[in-house]
Every structure is written in C-alpha cells, then in structure tokens.
>>> print(open('coords19.tsv').read())   # TSV, C-alpha atoms
chain	number	residue	atom	x	y	z
A	1	VAL	CA	155.55	112.16	60.41
A	2	ARG	CA	157.55	114.79	58.53
A	3	ASP	CA	157.83	117.02	61.63
A	4	TYR	CA	159.01	114.12	63.76
A	5	LEU	CA	161.60	112.89	61.27
A	6	SER	CA	162.84	116.45	60.65
A	7	GLN	CA	164.60	116.20	64.04
A	8	PHE	CA	166.97	113.69	62.48
A	9	THR	CA	167.41	114.77	58.87
A	10	GLU	CA	167.18	117.55	56.36
A	11	TRP	CA	165.28	116.80	53.16
A	12	ARG	CA	166.03	116.58	49.48
A	13	PRO	CA	162.90	117.24	47.38
A	14	TYR	CA	162.25	114.12	45.32
A	15	GLU	CA	159.24	112.89	43.35
A	16	HIS	CA	159.35	109.25	42.36
A	17	ARG	CA	158.78	108.52	38.67
A	18	VAL	CA	158.46	105.14	37.01
A	19	GLN	CA	158.35	104.30	33.33
A	20	ALA	CA	157.58	101.07	31.50
A	21	ARG	CA	159.29	99.72	28.38
A	22	VAL	CA	156.33	98.92	26.13
A	23	ARG	CA	156.41	98.57	22.33
A	24	ASP	CA	160.00	99.91	22.29
A	25	GLN	CA	158.93	103.12	24.06
A	26	LEU	CA	159.41	104.36	27.62
A	27	VAL	CA	155.97	105.45	28.82
A	28	PRO	CA	154.75	106.73	32.22
A	29	ILE	CA	153.43	104.35	34.89
A	30	PRO	CA	150.78	104.56	36.35
A	31	ILE	CA	148.99	104.80	32.99
A	32	ASN	CA	148.04	108.42	32.32
A	33	ARG	CA	146.98	110.56	29.37
A	34	THR	CA	150.58	110.80	28.11
A	35	THR	CA	150.85	106.98	28.15
A	36	LEU	CA	147.71	106.66	26.01
A	37	ASN	CA	148.80	109.34	23.56
A	38	MET	CA	152.24	107.78	23.11
A	39	LEU	CA	151.03	104.20	22.64
A	40	PHE	CA	147.89	104.78	20.60
A	41	ASP	CA	148.54	108.14	18.94
A	42	ALA	CA	145.28	109.15	20.60
A	43	ASN	CA	145.76	112.93	20.69
A	44	LEU	CA	143.74	113.22	23.93
A	45	ARG	CA	143.77	116.81	25.17
A	46	THR	CA	141.66	116.82	28.35
A	47	ASP	CA	140.92	114.66	31.37
A	48	GLU	CA	137.39	114.15	30.06
A	49	GLU	CA	138.64	112.88	26.68
A	50	ALA	CA	141.03	110.48	28.43
A	51	ALA	CA	138.30	109.21	30.76
A	52	GLU	CA	135.99	108.61	27.80
A	53	TYR	CA	138.80	106.83	25.89
A	54	LEU	CA	139.46	104.49	28.84
A	55	ALA	CA	135.73	103.88	29.32
A	56	GLN	CA	135.47	102.79	25.68
A	57	ARG	CA	138.31	100.29	26.20
A	58	ALA	CA	137.03	98.96	29.54
A	59	GLU	CA	135.29	95.58	29.57
A	60	PRO	CA	132.89	95.52	32.52
A	61	VAL	CA	133.24	92.54	34.87
A	62	ASP	CA	130.14	91.93	37.01
A	63	ASP	CA	131.83	90.03	39.83
A	64	ILE	CA	135.38	91.28	40.42
A	65	GLN	CA	137.35	88.52	42.16
A	66	THR	CA	140.87	88.49	40.73
A	67	SER	CA	143.64	90.89	39.70
A	68	GLU	CA	142.78	90.22	36.05
A	69	ASP	CA	139.15	91.25	36.66
A	70	VAL	CA	140.22	94.56	38.26
A	71	VAL	CA	142.36	95.67	35.31
A	72	ILE	CA	140.10	94.49	32.49
A	73	ASN	CA	137.13	96.15	34.19
A	74	ALA	CA	139.06	99.44	34.43
A	75	VAL	CA	141.06	99.65	31.17
A	76	GLY	CA	140.28	96.65	28.97
A	77	ARG	CA	142.25	93.68	27.70
A	78	GLU	CA	144.83	95.40	25.46
A	79	LEU	CA	146.26	97.58	28.26
A	80	TYR	CA	146.00	94.58	30.60
A	81	GLU	CA	148.14	92.49	28.24
A	82	LEU	CA	150.62	95.34	27.62
A	83	PHE	CA	151.24	96.40	31.21
A	84	PHE	CA	149.97	93.90	33.73
A	85	ARG	CA	149.83	90.29	32.64
A	86	GLY	CA	153.50	89.64	31.85
A	87	TYR	CA	154.78	91.72	34.76
A	88	THR	CA	152.44	90.02	37.24
A	89	ARG	CA	153.30	86.53	36.02
A	90	LYS	CA	157.00	87.25	36.45
A	91	GLN	CA	156.57	88.95	39.84
A	92	TRP	CA	154.35	86.32	41.43
A	93	GLY	CA	154.94	83.19	39.37
A	94	LEU	CA	151.15	83.14	38.86
A	95	ASP	CA	148.71	84.50	36.31
A	96	PRO	CA	146.70	87.57	37.45
A	97	SER	CA	143.57	85.41	37.15
A	98	GLU	CA	144.97	83.35	40.07
A	99	LEU	CA	145.73	86.32	42.35
A	100	ASP	CA	143.58	88.29	44.76
A	101	LYS	CA	142.11	91.53	43.42
A	102	GLN	CA	144.15	93.60	45.92
A	103	VAL	CA	147.35	93.11	43.86
A	104	THR	CA	146.29	95.43	41.05
A	105	SER	CA	143.45	97.41	42.63
A	106	ARG	CA	145.92	99.76	44.38
A	107	ILE	CA	147.48	100.83	41.05
A	108	PRO	CA	145.67	103.95	39.82
A	109	THR	CA	144.88	104.91	36.23
A	110	ARG	CA	145.01	108.66	35.60
A	111	THR	CA	143.29	110.82	33.03
A	112	ASN	CA	145.66	113.78	33.58
A	113	THR	CA	149.36	114.10	32.67
A	114	ASP	CA	150.73	113.74	36.24
A	115	ASP	CA	153.62	111.30	35.77
A	116	ARG	CA	154.58	111.01	39.45
A	117	TYR	CA	154.18	107.55	40.98
A	118	PHE	CA	152.70	109.00	44.18
A	119	SER	CA	150.40	111.96	44.67
A	120	ASP	CA	151.25	112.68	48.34
A	121	THR	CA	151.57	116.34	49.35
A	122	PHE	CA	155.03	115.88	50.88
A	123	GLN	CA	157.58	113.89	48.89
A	124	ALA	CA	161.28	113.90	49.74
A	125	MET	CA	164.36	111.82	50.50
A	126	PRO	CA	166.56	112.20	53.60
A	127	ARG	CA	169.30	114.56	52.39
A	128	GLU	CA	172.17	112.36	53.59
A	129	GLY	CA	170.33	109.07	53.09
A	130	TYR	CA	168.34	106.77	55.34
A	131	THR	CA	171.37	105.33	57.18
A	132	LYS	CA	172.35	108.73	58.61
A	133	MET	CA	168.75	109.43	59.60
A	134	PHE	CA	168.42	106.13	61.49
A	135	GLU	CA	171.83	106.53	63.14
A	136	ARG	CA	170.63	109.83	64.62
A	137	MET	CA	167.30	108.34	65.69
A	138	LEU	CA	169.08	105.52	67.51
A	139	ASP	CA	171.72	107.76	69.12
A	140	HIS	CA	170.15	107.77	72.59
A	141	PRO	CA	171.36	106.45	75.99
A	142	LEU	CA	168.18	104.36	76.40
A	143	ILE	CA	168.53	102.66	73.01
A	144	GLU	CA	170.76	99.63	72.54
A	145	VAL	CA	171.31	98.18	69.06
A	146	ARG	CA	172.35	94.58	68.53
A	147	THR	CA	172.92	93.32	65.00
A	148	GLY	CA	173.63	89.79	63.76
A	149	VAL	CA	171.23	88.37	66.36
A	150	ASP	CA	168.79	85.58	65.50
A	151	PHE	CA	165.49	86.60	67.09
A	152	ALA	CA	164.51	82.97	67.68
A	153	GLU	CA	167.49	82.61	70.07
A	154	PHE	CA	166.73	85.96	71.75
A	155	LYS	CA	162.94	85.68	71.97
A	156	ASP	CA	162.63	84.51	75.60
A	157	GLU	CA	165.12	87.10	76.84
A	158	ALA	CA	163.35	89.85	74.85
A	159	HIS	CA	160.03	89.10	76.53
A	160	LYS	CA	161.69	89.23	79.97
A	161	LEU	CA	163.44	92.52	79.19
A	162	ALA	CA	160.51	94.42	77.75
A	163	LYS	CA	156.82	94.85	78.47
A	164	HIS	CA	156.13	95.19	74.73
A	165	VAL	CA	158.03	93.45	71.95
A	166	ILE	CA	157.53	94.63	68.38
A	167	TYR	CA	158.62	91.88	66.01
A	168	THR	CA	158.86	92.66	62.28
A	169	GLY	CA	159.91	89.29	60.88
A	170	PRO	CA	157.63	86.69	59.24
A	171	ILE	CA	154.75	85.75	61.54
A	172	ASP	CA	154.94	82.03	60.71
A	173	GLU	CA	158.59	81.96	61.78
A	174	TYR	CA	157.74	83.68	65.08
A	175	PHE	CA	155.39	80.81	65.93
A	176	ASP	CA	157.90	78.16	64.74
A	177	PHE	CA	155.80	77.40	61.63
A	178	ARG	CA	153.12	75.81	63.84
A	179	PHE	CA	150.52	75.72	61.03
A	180	GLY	CA	153.02	75.39	58.19
A	181	LYS	CA	154.97	77.92	56.13
A	182	LEU	CA	153.35	80.97	54.58
A	183	PRO	CA	154.32	81.25	50.90
A	184	TYR	CA	156.38	84.32	49.96
A	185	ARG	CA	157.98	85.62	46.79
A	186	SER	CA	161.54	86.87	46.85
A	187	LEU	CA	163.92	88.77	44.57
A	188	LYS	CA	167.40	88.24	43.26
A	189	PHE	CA	169.42	91.41	42.60
A	190	ASP	CA	172.06	91.90	39.92
A	191	HIS	CA	174.00	95.10	40.79
A	192	ARG	CA	176.13	96.71	38.08
A	193	THR	CA	178.24	99.86	38.00
A	194	LEU	CA	178.51	101.34	34.51
A	195	ASP	CA	181.09	103.70	33.07
A	196	GLN	CA	178.49	106.22	31.93
A	197	GLU	CA	176.82	109.17	33.62
A	198	CYS	CA	173.22	107.98	33.29
A	199	PHE	CA	171.53	104.74	32.27
A	200	GLN	CA	167.81	105.65	32.21
A	201	PRO	CA	165.75	108.85	32.54
A	202	VAL	CA	163.97	107.93	35.82
A	203	THR	CA	164.70	105.94	38.98
A	204	VAL	CA	162.77	102.81	37.95
A	205	VAL	CA	161.91	101.32	34.57
A	206	ASN	CA	159.50	98.35	34.51
A	207	TYR	CA	159.73	95.60	31.90
A	208	PRO	CA	156.26	94.00	31.51
A	209	ASP	CA	157.32	91.92	28.47
A	210	PRO	CA	157.21	88.23	29.50
A	211	GLU	CA	160.21	87.54	27.23
A	212	VAL	CA	162.42	89.79	29.42
A	213	PRO	CA	163.50	87.79	32.51
A	214	TYR	CA	163.77	90.74	34.94
A	215	THR	CA	160.86	92.90	36.13
A	216	ARG	CA	162.58	96.24	36.56
A	217	ILE	CA	165.85	98.19	36.64
A	218	SER	CA	166.55	100.81	39.32
A	219	GLU	CA	169.13	103.61	39.03
A	220	TYR	CA	170.00	105.14	42.39
A	221	LYS	CA	171.50	108.52	41.57
A	222	HIS	CA	168.03	109.80	40.62
A	223	LEU	CA	167.08	109.27	44.29
A	224	THR	CA	170.21	110.73	45.85
A	225	GLY	CA	171.01	113.58	43.46
A	226	GLN	CA	174.67	112.50	43.36
A	227	LYS	CA	176.84	113.79	40.54
A	228	ALA	CA	179.33	111.25	39.20
A	229	PRO	CA	180.78	110.17	35.85
A	230	ASN	CA	179.49	106.61	36.42
A	231	THR	CA	176.24	105.09	37.69
A	232	THR	CA	175.02	102.03	39.61
A	233	ILE	CA	171.93	100.10	38.52
A	234	THR	CA	170.15	96.99	39.74
A	235	TYR	CA	168.26	94.37	37.76
A	236	GLU	CA	165.48	92.65	39.75
A	237	TYR	CA	164.63	89.01	39.10
A	238	PRO	CA	161.64	87.54	40.99
A	239	SER	CA	162.36	84.27	42.74
A	240	ALA	CA	160.59	81.54	44.71
A	241	GLU	CA	163.64	81.21	46.99
A	242	GLY	CA	165.34	83.81	49.18
A	243	ASP	CA	164.35	86.45	51.73
A	244	PRO	CA	160.56	86.65	52.25
A	245	TYR	CA	159.61	89.93	50.55
A	246	TYR	CA	156.03	89.58	49.32
A	247	PRO	CA	153.28	87.38	50.82
A	248	ILE	CA	151.50	85.68	47.92
A	249	PRO	CA	147.91	87.03	47.98
A	250	ARG	CA	145.64	84.04	47.46
A	251	PRO	CA	142.59	83.06	49.56
A	252	GLU	CA	144.19	79.90	51.02
A	253	ASN	CA	147.28	81.88	52.09
A	254	GLN	CA	145.10	84.54	53.72
A	255	GLU	CA	143.30	81.76	55.61
A	256	LEU	CA	146.63	80.42	56.90
A	257	PHE	CA	147.76	83.93	57.86
A	258	LYS	CA	144.51	84.45	59.82
A	259	LYS	CA	145.40	81.43	62.00
A	260	TYR	CA	148.74	83.00	62.89
A	261	GLU	CA	147.10	86.39	63.40
A	262	ALA	CA	144.72	84.81	65.93
A	263	LEU	CA	147.73	83.43	67.85
A	264	ALA	CA	149.36	86.87	67.85
>>> encode(input="coords19.tsv", output="structure tokens")
Amino acid sequence: VRDYLSQFTEWRPYEHRVQARVRDQLVPIPINRTTLNMLFDANLRTDEEAAEYLAQRAEPVDDIQTSEDVVINAVGRELYELFFRGYTRKQWGLDPSELDKQVTSRIPTRTNTDDRYFSDTFQAMPREGYTKMFERMLDHPLIEVRTGVDFAEFKDEAHKLAKHVIYTGPIDEYFDFRFGKLPYRSLKFDHRTLDQECFQPVTVVNYPDPEVPYTRISEYKHLTGQKAPNTTITYEYPSAEGDPYYPIPRPENQELFKKYEALA
C-alpha cells in the first residue's frame, strides 16, 4: 500500500497519540503502564508487574456477550467505569451492556509504555494532505470525476457504463430501504479557531466523563505539522440524526444487515 501511494505523495512521519481526560489528568489511551501509574500511583516498573496488576483488577466473565463483559473481563470494573462506560453511552446512545462485544474488543490494553494509538510498522501522513494525494491519483485521462451527483439518480446509467460498480454508500439506501432502515449513529461537529498556538498536547483528547456532552476534541496541526500562531480544534457531539457514520452493533441490526448483504 505504501509503495503504491508513494507514486502520488511524499510522506510526513506521524504517530497518532490519544489521551483521555480522567480525574483531572490527561492520561494515555489505549490504557498502558503509564496510565496505571498516573491514575493509581502504582509505581509499576515492568511489563510483568503491569500484567499482574491488571490481572488482579480483572473480573472474569464466563460467557462474554457484550462490550461491558469484554472490558470487565480484561481490566475490571473501576477502569471500565473510568474509561469506557460514559464514553460508550455518549457515542452510541446505549449502555455497553446493550452493545455487541466487537465495540470494545478491538481496543487493546498494554503493559508497556508505548503511548501510540497504533502499532503499525509504517505510520505517516501525506506530506501535502489527502486532497493533494487524491487529486494526483485521479489525474488520468481514463478517470472522470463527477461531484454533487445523487447515486440513486445515476444508478441505472452507472450499471450500463461499467461492468463493475463499487458503491460505498449505505447498503439499505442502495436497495431503497427494502427491508427497512439500518440504524446508524452520527456526529455533530463544532469547529473553533483559537488565538493561541496550541490547545492540547496530542491530536485527540477523549472525554469519557458522562457529564461532559462531547466525546472528544481534535486539534489538526498535530497531524499536519503546520506552524501558526493560532489553532483550529473540533468538538465532537454524538447524534442520532445526520450522516450515517457508525452502524449500531446489536444482534437485530446485524440480522437486518445480513438480509441486505444477501441481496448484494
């Protein structure tokens, strides 16, 4: 993937870091040894000590069904309450006990002090941004770009023009909601430009506290490396209305999706 994309962009080394505002501290997410030492004054010095500490806190769940089960089984109820429950309820409008286990099972817990969000070997941003990269990818005599087109109105023509059509919109919409609408969560964004050089130490800070209405704040200059006397940030507020960002992972929704998948 990197070799292919390198035809269209140079790279800016970038490692994504996320922190969470918990107990009036900014601590690393995913939870790692530093997180535990900061929150619990644990003085853990090795991976083994951290693993043992987490094992002592874990509350084994025999039959893991929900997102709540996954986290409590791995790290126990206190860390679940601090990091996951409030955030998940805001994000999905549902308690973790009502959500499929896949929601939280992809979030690792680390025993080392690696505070990067991802552990991939190659991590970078396109040096001039994604827009420039895509403009170069699409700059080809055989590629035509049409924007502002409703796919529903273009669908029949698309299938006549091309042997293969790759559609990336919601699958229920493609089939005219034949079996009903799939439930999605959306986001509302509050963009602000501030007259200060930096707002937060990393790109994203999560706010798991249920009393805080937004889930996270992003600050873009960490991604781009831009130097400027001011900064732009975005507050994210989960919403039931708006663009369909996240399919809500519950068994009945998966069942409905499977019907559309069979049609596809």
>>> atom_distance(input="coords19.tsv", atom1="CA of Asn112 (chain A)", atom2="CA of Tyr80 (chain A)")
19.4 Å
>>> closest_residue(input="coords19.tsv", among="A:Thr46, A:Ser239, A:Thr113, A:Gln254", to="Lys90 (chain A)", atoms="all atoms listed in the file")
A:Ser239
>>> closest_residue(input="coords19.tsv", among="A:Tyr87, A:Phe8, A:Tyr207, A:Tyr246", to="Met133 (chain A)", atoms="only C-alpha atoms")
A:Phe8
>>> residues_around(input="coords19.tsv", residues="Asp172 (chain A)", least_positions_apart="6", cutoff="12 Å", atoms="all atoms listed in the file", output="PyMOL selection string")
chain A and resi 152+178-184+244+247+253+256-264
>>> atom_distance(input="coords19.tsv", atom1="CA of Ser186 (chain A)", atom2="CA of Glu153 (chain A)")
24.3 Å
>>> residues_around(input="coords19.tsv", residues="Pro238 (chain A)", least_positions_apart="6", cutoff="10 Å", atoms="all atoms listed in the file", output="VMD selection string")
chain A and resid 89 to 93 185 to 189 213 to 216
>>> residues_around(input="coords19.tsv", residues="region 105-110 of chain A", least_positions_apart="3", cutoff="6 Å", atoms="only C-alpha atoms", output="ChimeraX atom specification")
/A:30-32,102
>>> residues_around(input="coords19.tsv", residues="Arg146 (chain A)", least_positions_apart="6", cutoff="12 Å", atoms="only C-alpha atoms", output="CSV table (one decimal) with C-alpha atoms, keeping the file's coordinate frame")
chain,number,residue,atom,x,y,z
A,138,LEU,CA,169.1,105.5,67.5
A,154,PHE,CA,166.7,86.0,71.8
A,158,ALA,CA,163.4,89.8,74.8
>>> axis_aligned_box(input="coords19.tsv", around="region 92-102 of chain A", padding_each_side="8 Å", output="lines of an AutoDock Vina configuration file")
center_x = 148.5
center_y = 88.4
center_z = 41.1
size_x = 28.8
size_y = 26.5
size_z = 25.6
>>> closest_residue(input="coords19.tsv", among="A:Glu252, A:Asp156, A:Glu49, A:Asp209", to="Asp24 (chain A)", atoms="all atoms listed in the file")
A:Asp209
>>> atom_distance(input="coords19.tsv", atom1="CA of Gly169 (chain A)", atom2="CA of Met137 (chain A)")
21.0 Å
>>> residues_near_point(input="coords19.tsv", point="(152.9, 112.8, 49.2)", cutoff="12 Å", atoms="only C-alpha atoms", output="PDB file with C-alpha atoms, in the frame of the given file")
ATOM      1  CA  VAL A   1     155.550 112.160  60.410  1.00  0.00           C
ATOM      2  CA  ARG A   2     157.550 114.790  58.530  1.00  0.00           C
ATOM      3  CA  PRO A  13     162.900 117.240  47.380  1.00  0.00           C
ATOM      4  CA  TYR A  14     162.250 114.120  45.320  1.00  0.00           C
ATOM      5  CA  GLU A  15     159.240 112.890  43.350  1.00  0.00           C
ATOM      6  CA  HIS A  16     159.350 109.250  42.360  1.00  0.00           C
ATOM      7  CA  ARG A 116     154.580 111.010  39.450  1.00  0.00           C
ATOM      8  CA  TYR A 117     154.180 107.550  40.980  1.00  0.00           C
ATOM      9  CA  PHE A 118     152.700 109.000  44.180  1.00  0.00           C
ATOM     10  CA  SER A 119     150.400 111.960  44.670  1.00  0.00           C
ATOM     11  CA  ASP A 120     151.250 112.680  48.340  1.00  0.00           C
ATOM     12  CA  THR A 121     151.570 116.340  49.350  1.00  0.00           C
ATOM     13  CA  PHE A 122     155.030 115.880  50.880  1.00  0.00           C
ATOM     14  CA  GLN A 123     157.580 113.890  48.890  1.00  0.00           C
ATOM     15  CA  ALA A 124     161.280 113.900  49.740  1.00  0.00           C
ATOM     16  CA  MET A 125     164.360 111.820  50.500  1.00  0.00           C
TER      17      MET A 125
END
>>> closest_residue(input="coords19.tsv", among="A:Thr34, A:Pro210, A:Asp176, A:Glu197", to="Lys227 (chain A)", atoms="all atoms listed in the file")
A:Glu197
>>> closest_residue(input="coords19.tsv", among="A:Ala228, A:Ala240, A:Leu223, A:Ile166", to="Glu128 (chain A)", atoms="all atoms listed in the file")
A:Leu223
>>> closest_residue(input="coords19.tsv", among="A:Gln200, A:Gln226, A:Thr147, A:Thr111", to="Leu44 (chain A)", atoms="only C-alpha atoms")
A:Thr111
>>> residues_near_point(input="coords19.tsv", point="(148.2, 94.9, 41.8)", cutoff="9 Å", atoms="all atoms listed in the file", output="JSON, numbers by chain")
{"A": [67, 70, 71, 84, 88, 96, 99, 100, 101, 102, 103, 104, 105, 106, 107]}
>>> residues_around(input="coords19.tsv", residues="Val202 (chain A)", least_positions_apart="3", cutoff="10 Å", atoms="only C-alpha atoms", output="ChimeraX atom specification")
/A:16-19,28,198-199,205,217-223
